[in-house]
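Chemist: This is structure-v5.cif (mmCIF, C-alpha atoms).
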data_coords
loop_
_atom_site.label_atom_id
_atom_site.label_comp_id
_atom_site.auth_asym_id
_atom_site.auth_seq_id
_atom_site.Cartn_x
_atom_site.Cartn_y
_atom_site.Cartn_z
CA MET A 1 -9.62 187.73 87.83
CA SER A 2 -8.30 189.15 91.06
CA ASP A 3 -6.23 187.09 93.50
CA LEU A 4 -9.10 187.18 95.95
CA VAL A 5 -11.61 185.75 93.47
CA LEU A 6 -9.14 182.97 92.59
CA LEU A 7 -8.69 182.22 96.30
CA ILE A 8 -12.46 182.06 96.78
CA LEU A 9 -12.83 179.70 93.81
CA ALA A 10 -10.02 177.46 95.10
CA GLY A 11 -11.65 177.42 98.54
CA ALA A 12 -14.98 176.50 96.94
CA VAL A 13 -13.40 173.60 95.03
CA ALA A 14 -11.60 172.36 98.17
CA THR A 15 -14.88 172.47 100.09
CA TYR A 16 -16.86 170.67 97.39
CA VAL A 17 -14.20 167.98 97.26
CA THR A 18 -14.81 167.28 100.97
CA ARG A 19 -18.56 167.14 100.40
CA ILE A 20 -18.58 164.79 97.43
CA SER A 21 -15.57 162.53 98.11
CA GLY A 22 -17.03 160.51 100.99
CA HIS A 23 -19.96 159.44 98.84
CA LEU A 24 -17.82 158.82 95.75
CA ILE A 25 -15.36 156.64 97.66
CA LEU A 26 -18.08 154.67 99.41
CA SER A 27 -20.11 154.09 96.24
CA ARG A 28 -17.14 152.28 94.66
CA PHE A 29 -17.80 149.43 97.04
CA GLY A 30 -20.89 147.32 96.46
CA ALA A 31 -21.90 145.91 99.82
CA ILE A 32 -20.82 147.72 102.96
CA HIS A 33 -19.29 145.76 105.82
CA PRO A 34 -21.46 145.89 108.98
CA ARG A 35 -18.67 147.56 110.93
CA VAL A 36 -18.37 150.30 108.31
CA GLU A 37 -22.16 150.59 108.31
CA ALA A 38 -22.14 151.00 112.12
CA ALA A 39 -19.40 153.64 111.89
CA LEU A 40 -21.36 155.57 109.26
CA ASP A 41 -24.52 155.40 111.35
CA ALA A 42 -22.53 157.01 114.16
CA VAL A 43 -21.28 159.90 111.97
CA PRO A 44 -23.82 162.55 113.05
CA THR A 45 -23.36 161.83 116.76
CA ALA A 46 -19.58 161.50 116.66
CA VAL A 47 -18.79 164.46 114.41
CA LEU A 48 -21.26 166.90 115.98
CA ALA A 49 -20.04 165.94 119.47
CA ALA A 50 -16.40 166.45 118.45
CA LEU A 51 -17.35 169.76 116.85
CA VAL A 52 -18.99 171.25 119.94
CA ALA A 53 -17.03 169.65 122.82
CA PRO A 54 -14.24 172.27 123.16
CA SER A 55 -16.61 175.25 123.02
CA VAL A 56 -18.91 173.69 125.62
CA ILE A 57 -16.00 173.10 127.99
CA THR A 58 -14.03 176.32 127.46
CA ARG A 59 -16.84 178.88 127.51
CA GLY A 60 -17.57 178.82 131.20
CA VAL A 61 -20.00 177.49 133.75
CA PRO A 62 -23.16 179.27 132.51
CA GLU A 63 -22.73 177.83 129.02
CA MET A 64 -21.96 174.33 130.27
CA LEU A 65 -25.04 174.38 132.45
CA ALA A 66 -27.14 175.80 129.59
CA VAL A 67 -26.02 173.01 127.26
CA ALA A 68 -26.85 170.38 129.90
CA ILE A 69 -30.33 171.83 130.47
CA ALA A 70 -30.91 172.20 126.73
CA ALA A 71 -29.95 168.54 126.23
CA LEU A 72 -32.56 167.52 128.81
CA VAL A 73 -35.20 169.72 127.16
CA ALA A 74 -34.35 168.18 123.77
CA THR A 75 -35.39 164.72 124.98
CA ARG A 76 -39.00 165.90 125.42
CA PHE A 77 -39.60 169.11 123.47
CA SER A 78 -38.99 170.72 120.08
CA MET A 79 -35.74 172.18 118.79
CA THR A 80 -37.09 175.71 119.18
CA ALA A 81 -37.83 175.06 122.88
CA THR A 82 -34.35 173.53 123.27
CA VAL A 83 -32.54 176.53 121.81
CA ALA A 84 -34.76 179.04 123.64
CA THR A 85 -34.18 177.34 127.01
CA GLY A 86 -30.42 177.25 126.47
CA VAL A 87 -30.22 180.91 125.47
CA GLY A 88 -32.53 181.87 128.34
CA THR A 89 -30.33 180.02 130.84
CA VAL A 90 -27.18 181.86 129.72
CA VAL A 91 -28.90 185.25 129.63
CA VAL A 92 -30.32 184.82 133.14
CA MET A 93 -27.05 183.50 134.58
CA ARG A 94 -24.98 186.28 133.02
CA TYR A 95 -27.50 188.85 134.23
CA LEU A 96 -27.19 187.46 137.75
CA ASN A 97 -23.39 187.43 137.33
CA LEU A 98 -23.19 183.75 138.15
CA MET B 1 -55.61 165.90 100.85
CA ILE B 2 -51.97 166.64 101.44
CA THR B 3 -49.63 164.84 99.05
CA PRO B 4 -46.36 163.26 100.27
CA HIS B 5 -44.49 165.82 98.17
CA ARG B 6 -46.29 168.71 99.86
CA ARG B 7 -45.64 167.19 103.27
CA ASP B 8 -41.93 166.86 102.48
CA VAL B 9 -41.74 170.52 101.49
CA ARG B 10 -43.69 171.63 104.55
CA ASP B 11 -41.59 169.51 106.94
CA GLY B 12 -38.34 170.66 105.34
CA ILE B 13 -39.23 174.30 105.87
CA ARG B 14 -40.57 173.64 109.37
CA ASP B 15 -37.41 171.79 110.47
CA ALA B 16 -35.19 174.56 109.11
CA LEU B 17 -36.97 177.37 110.96
CA PRO B 18 -35.16 177.07 114.34
CA VAL B 19 -31.82 177.12 112.51
CA ILE B 20 -32.59 180.59 111.10
CA PHE B 21 -31.91 182.18 114.49
CA ALA B 22 -28.43 180.65 114.45
CA VAL B 23 -27.61 181.10 110.77
CA LEU B 24 -28.77 184.71 110.32
CA PRO B 25 -26.45 186.31 112.91
CA PHE B 26 -23.62 183.93 111.96
CA ALA B 27 -24.02 185.09 108.34
CA ALA B 28 -24.35 188.76 109.25
CA VAL B 29 -21.14 188.67 111.28
CA PHE B 30 -19.31 187.05 108.36
CA GLY B 31 -20.67 189.73 106.01
CA ALA B 32 -19.51 192.47 108.37
CA LEU B 33 -16.04 190.95 108.91
CA ALA B 34 -15.56 190.32 105.19
CA ASN B 35 -16.51 193.93 104.52
CA ASP B 36 -13.92 195.06 107.09
CA SER B 37 -11.31 192.79 105.45
CA GLY B 38 -11.73 194.57 102.13
CA PHE B 39 -14.17 192.20 100.39
CA SER B 40 -16.60 193.90 98.01
CA LEU B 41 -20.23 192.87 98.39
CA SER B 42 -19.98 190.67 95.30
CA GLU B 43 -16.82 188.97 96.62
CA THR B 44 -18.57 188.27 99.91
CA MET B 45 -21.55 186.81 98.05
CA LEU B 46 -19.23 184.75 95.86
CA ALA B 47 -17.44 183.30 98.88
CA SER B 48 -20.63 182.53 100.78
CA GLY B 49 -22.51 181.30 97.74
CA LEU B 50 -19.80 178.97 96.43
CA ILE B 51 -17.89 177.86 99.53
CA TYR B 52 -21.02 177.81 101.74
CA ALA B 53 -19.15 176.69 104.86
CA GLY B 54 -19.18 179.41 107.51
CA ALA B 55 -16.44 178.28 109.86
CA SER B 56 -13.92 177.81 107.06
CA GLN B 57 -14.80 181.22 105.63
CA TYR B 58 -13.99 182.81 108.99
CA VAL B 59 -10.65 180.99 108.91
CA MET B 60 -10.06 182.33 105.40
CA LEU B 61 -10.59 185.91 106.59
CA ASP B 62 -8.37 185.37 109.60
CA LEU B 63 -5.46 183.86 107.65
CA ARG B 64 -5.71 186.49 104.92
CA GLY B 65 -5.43 189.14 107.62
CA GLN B 66 -2.23 187.43 108.75
CA GLN B 67 -0.86 187.59 105.16
CA ALA B 68 -0.79 183.78 104.90
CA SER B 69 0.01 182.35 101.47
CA ALA B 70 -2.89 181.28 99.25
CA TRP B 71 -2.08 177.56 99.31
CA LEU B 72 -1.99 177.60 103.10
CA ILE B 73 -5.40 179.28 103.21
CA VAL B 74 -6.90 176.70 100.83
CA LEU B 75 -5.33 173.91 102.90
CA ALA B 76 -6.85 175.41 106.06
CA ILE B 77 -10.28 175.58 104.38
CA PHE B 78 -9.91 171.92 103.41
CA ALA B 79 -8.88 170.97 106.96
CA VAL B 80 -11.77 172.82 108.59
CA ASN B 81 -14.20 171.21 106.15
CA PHE B 82 -12.73 167.72 106.33
CA ARG B 83 -15.63 166.48 108.49
CA HIS B 84 -17.84 166.76 105.38
CA VAL B 85 -16.11 163.66 103.98
CA LEU B 86 -17.80 161.69 106.76
CA TYR B 87 -21.16 163.44 106.34
CA SER B 88 -20.96 162.72 102.63
CA ALA B 89 -20.20 159.02 103.07
CA SER B 90 -23.05 158.64 105.55
CA ILE B 91 -25.79 160.67 103.86
CA GLY B 92 -24.82 159.25 100.46
CA ARG B 93 -26.39 155.94 101.53
CA HIS B 94 -29.77 157.65 101.87
CA LEU B 95 -29.92 159.41 98.49
CA GLN B 96 -31.47 156.58 96.46
CA ALA B 97 -34.46 158.78 95.58
CA PHE B 98 -32.15 161.43 94.06
CA THR B 99 -31.03 161.65 90.41
CA GLY B 100 -27.33 162.13 89.63
CA TRP B 101 -27.58 165.90 89.35
CA GLN B 102 -29.74 166.10 92.45
CA LYS B 103 -27.07 164.16 94.35
CA ALA B 104 -24.35 166.53 93.08
CA LEU B 105 -26.39 169.53 94.23
CA ALA B 106 -27.43 167.90 97.50
CA LEU B 107 -23.79 167.23 98.42
CA PHE B 108 -22.86 170.83 97.54
CA LEU B 109 -25.44 171.96 100.13
CA LEU B 110 -24.24 169.54 102.83
CA VAL B 111 -23.67 171.89 105.79
CA ASP B 112 -23.72 170.59 109.39
CA PRO B 113 -27.45 171.11 110.14
CA GLN B 114 -28.38 169.83 106.67
CA SER B 115 -26.47 166.62 107.26
CA ALA B 116 -28.05 166.02 110.66
CA ALA B 117 -31.57 166.90 109.49
CA GLY B 118 -31.15 164.63 106.46
CA GLU B 119 -29.97 161.73 108.63
CA GLU B 120 -32.89 162.19 110.99
CA ARG B 121 -35.36 162.30 108.09
CA ALA B 122 -33.80 159.22 106.46
CA ALA B 123 -34.27 157.28 109.70
CA THR B 124 -37.91 158.34 110.17
CA SER B 125 -39.86 159.14 106.98
CA GLY B 126 -37.25 158.38 104.34
CA LEU B 127 -35.17 161.09 102.67
CA ARG B 128 -36.60 162.52 99.45
CA PRO B 129 -35.41 165.48 97.34
CA ALA B 130 -38.44 167.64 98.23
CA TYR B 131 -37.58 167.55 101.93
CA TYR B 132 -33.84 167.92 101.46
CA PHE B 133 -34.01 170.85 99.05
CA SER B 134 -36.75 172.79 100.85
CA TYR B 135 -34.70 172.58 104.05
CA ALA B 136 -31.60 173.62 102.07
CA ALA B 137 -33.39 176.53 100.38
CA VAL B 138 -34.30 178.05 103.75
CA ILE B 139 -30.77 177.71 105.18
CA TYR B 140 -29.00 178.82 102.00
CA GLY B 141 -31.41 181.74 101.48
CA VAL B 142 -31.07 182.96 105.07
CA TRP B 143 -27.29 182.53 104.89
CA MET B 144 -27.05 184.72 101.78
CA VAL B 145 -29.50 187.36 103.05
CA GLY B 146 -27.64 187.49 106.38
CA ASN B 147 -24.37 188.10 104.54
CA VAL B 148 -25.82 191.07 102.68
CA ILE B 149 -27.28 192.54 105.87
CA GLY B 150 -23.92 192.15 107.63
CA ALA B 151 -21.94 193.63 104.74
CA LEU B 152 -24.25 196.65 104.43
CA PHE B 153 -25.01 197.34 108.09
CA GLY B 154 -22.04 195.61 109.71
CA ASN B 155 -21.08 198.56 111.85
CA LEU B 156 -24.45 198.32 113.60
CA ILE B 157 -23.72 194.78 114.79
CA GLU B 158 -21.87 194.66 118.04
CA ASP B 159 -19.92 191.74 119.39
CA PRO B 160 -22.16 188.73 118.70
CA ALA B 161 -21.02 187.05 121.92
CA VAL B 162 -22.81 189.77 123.90
CA PHE B 163 -26.14 188.49 122.65
CA GLY B 164 -25.19 184.85 122.72
CA PHE B 165 -25.93 184.50 119.00
CA ASP B 166 -22.83 182.38 118.50
CA PHE B 167 -24.06 180.13 121.25
CA ILE B 168 -27.32 179.34 119.41
CA LEU B 169 -25.59 177.10 116.89
CA LEU B 170 -23.99 175.16 119.71
CA LEU B 171 -27.39 174.60 121.34
CA TYR B 172 -28.85 173.56 118.02
CA PHE B 173 -26.11 170.96 117.55
CA THR B 174 -26.71 169.75 121.11
CA GLY B 175 -30.40 169.26 120.28
CA LEU B 176 -29.48 167.37 117.11
CA ILE B 177 -27.12 165.06 119.01
CA VAL B 178 -29.85 164.26 121.55
CA GLY B 179 -32.11 163.41 118.61
CA PHE B 180 -29.73 160.55 117.70
CA ARG B 181 -29.80 159.00 121.19
CA THR B 182 -31.66 155.87 120.06
CA ARG B 183 -28.85 154.88 117.68
CA PRO B 184 -26.80 151.81 118.72
CA ASN B 185 -24.15 152.49 121.38
CA PHE B 186 -25.06 156.19 121.36
CA PHE B 187 -23.64 156.87 124.81
CA TRP B 188 -20.26 155.24 124.16
CA VAL B 189 -19.87 156.95 120.79
CA LEU B 190 -20.71 160.30 122.38
CA LEU B 191 -18.31 159.81 125.28
CA ALA B 192 -15.44 158.66 123.05
CA SER B 193 -15.93 161.54 120.62
CA VAL B 194 -16.09 164.18 123.34
CA LEU B 195 -13.00 162.89 125.17
CA ALA B 196 -10.96 162.44 121.98
CA SER B 197 -12.04 165.84 120.70
CA LEU B 198 -10.96 167.58 123.92
CA LEU B 199 -7.67 165.73 124.01
CA ALA B 200 -6.96 166.63 120.37
CA PHE B 201 -8.06 170.23 120.94
CA TRP B 202 -5.52 170.68 123.73
CA THR B 203 -2.68 168.79 122.02
CA VAL B 204 -2.89 168.91 118.21
CA GLY B 205 -5.14 171.97 118.15
CA SER B 206 -8.08 173.20 116.09
CA PRO B 207 -9.53 172.24 113.58
CA TRP B 208 -8.14 168.71 113.92
CA HIS B 209 -10.18 167.99 117.05
CA ILE B 210 -13.25 167.62 114.81
CA SER B 211 -11.84 164.90 112.55
CA ILE B 212 -9.89 163.17 115.34
CA GLY B 213 -12.78 163.24 117.84
CA GLY B 214 -15.26 162.17 115.17
CA GLY B 215 -12.91 159.44 113.93
CA VAL B 216 -12.47 157.95 117.40
CA GLY B 217 -16.26 157.92 117.86
CA LEU B 218 -16.64 156.02 114.57
CA LEU B 219 -13.98 153.49 115.63
CA VAL B 220 -15.86 152.85 118.86
CA ALA B 221 -19.11 152.38 116.94
CA ALA B 222 -17.40 149.94 114.57
CA MET B 223 -15.81 148.00 117.42
CA LEU B 224 -18.97 147.68 119.50
CA VAL B 225 -21.27 146.44 116.75
CA ASN B 226 -22.11 142.76 116.56
CA PRO B 227 -21.54 141.92 112.88
CA ASP B 228 -23.34 138.56 112.99
CA ARG B 229 -26.61 140.07 114.13
CA GLN B 230 -26.72 142.70 111.43
CA GLN B 231 -26.08 140.55 108.38
CA GLU B 232 -29.55 139.77 107.12
CA PRO B 233 -29.53 139.72 103.32
CA PRO B 234 -31.12 140.80 101.13
CA ASP B 235 -32.48 143.77 103.06
CA GLY B 236 -29.75 144.15 105.68
CA GLU B 237 -27.09 144.37 103.02
CA ARG B 238 -27.37 147.79 101.53
CA HIS B 239 -26.07 148.76 98.16
CA VAL B 240 -25.07 152.30 97.33
#
Would you mind writing the file out in C-alpha cells?
Modeler:
Amino acid sequence: MSDLVLLILAGAVATYVTRISGHLILSRFGAIHPRVEAALDAVPTAVLAALVAPSVITRGVPEMLAVAIAALVATRFSMTATVATGVGTVVVMRYLNL
Amino acid sequence: MITPHRRDVRDGIRDALPVIFAVLPFAAVFGALANDSGFSLSETMLASGLIYAGASQYVMLDLRGQQASAWLIVLAIFAVNFRHVLYSASIGRHLQAFTGWQKALALFLLVDPQSAAGEERAATSGLRPAYYFSYAAVIYGVWMVGNVIGALFGNLIEDPAVFGFDFILLLYFTGLIVGFRTRPNFFWVLLASVLASLLAFWTVGSPWHISIGGGVGLLVAAMLVNPDRQQEPPDGERHV
C-alpha cells in the first residue's frame, strides 16, 4: 500500500472515531442528568453557530446581510427559498458593487 | 395509501434536495484539488468514500502540500472533525429504532447536514432508519458523483467563490439553525456560541473555534436549564 492510501485509511479511522465515540461514551451511562440532556439538545444550534460564525463575519458586508435576510426567510419559508434568497442577495449586491 | 416507511423515504429524499446545490460544487472542487495534488481517481474516491468529511479532506490536501508529517495530518483531520463527538452523543439518543449495525453505519454517515436533519426529524416525526438512510444516500451519492466530476473536469471549474457556491453551505447551515429556534434558551445558546467561536477564531485559531464555540454554547444551555422541572420519570428520564 502506498503512503497516501495509508494516510487516507488513518484519516478515515480518526474521523470514524469522532463519529462513534460520543454515542459510545454516553451510552455507558444509564440515565442522563437533565443538565447534560439540555446541553445535548443544544448541540445542533451551538455547533453549527460556532462553525459558521467566523465566515459570516469575515466575508464582508454583502454576505453578512445575505445571511441575515436568509435567516428571516427561514422562519417562514422552505430551505430552498432560504438558500436561493441568500445567494440572490449576494449576487445582486456584488453586481451592484455594494 | 402511503405507508410510514414510504413517507420516511420520500421525506428523507425531499429534505436532502436543497443540500445537493451545496454538496455538489463542494465535492467537485475537492475532486479537482485532489487531482491537482497528485491523487489518482481511485485515491480521491477512497478518501471521499471512507473519510466522508469534506472540510477535513481539504485540510489533508493543504497540509500534504506543505509536506507536513503524516501524524500531524491525521491529528489535524481529527481536530477538524472533533465536533462530530458532540453530534454523535446527541443523535445517539434518537437511534432507538436502529439495530446495532444500522447505528454503526448511521454514525459513519454523520456529516453536518445529516446530524441537523436527523435532530429535526427526531423532534418532529421521530427518527427511523428509512428517513435517515434515504437522506444519507442522496448526500453520499451526490458527494461521490461530485468528486468524480471534479477530478475528471476540474480544469473547467473556476474559483468557486466567484459563483458563491461555497456560500451555499453557509446559508444552509443558517437555515438549519433557525429551524432549532424553538429549543429552550435558543437565543442565549446562539449568542454564546457565536461570541465564543469568534473569540477562539481570533485567538486560538481554526479549527478550534468550532469545538470551543460549540462547547461554550452547551455550557450555557446546561447552566440555564431548570433541572427540577425536567425530571419527570419514567418518561422524562431517557435511557440510551
Chemist: Residues near stretch 214-216 of chain B, anyone? I mean within 7 Å using all atoms listed in the file, not counting same-chain ones fewer than 5 positions away, as a PyMOL selection string.
Modeler: (chain A and resi 46-47+50) or (chain B and resi 192-193+196)
Chemist: Counting all atoms listed in the file, which residues of chain A come no farther than 7 Å from chain B, as number ranges by chain?
Modeler: A: 5, 7-8, 10-12, 14-16, 18-23, 26-27, 30-32, 34-36, 38-54, 67, 70-71, 74-75, 79-80, 82-83, 86-87
Chemist: What is the atom CA of B:Ala27-atom CA of B:Gly154 distance in Å, reported with one decimal?
Modeler: 10.8 Å
Chemist: Please measure the separation of atom CA of B:Thr124 and atom CA of B:Ala97, giving the value in Å to one decimal.
Modeler: 15.0 Å
Chemist: For a test of reading the model, state the distance in Å between atom CA of A:Val61 and atom CA of B:Val204, rounded to one decimal.
Modeler: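 Those two atoms sit 24.7 Å apart.
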Chemist: So what does the PyMOL selection byres ((chain B and resi 141) around 12) actually pick up in this one, as a PyMOL selection string?
Modeler: chain B and resi 13+16-17+19-20+23-24+27+45+48-49+52+109+133-140+142-148
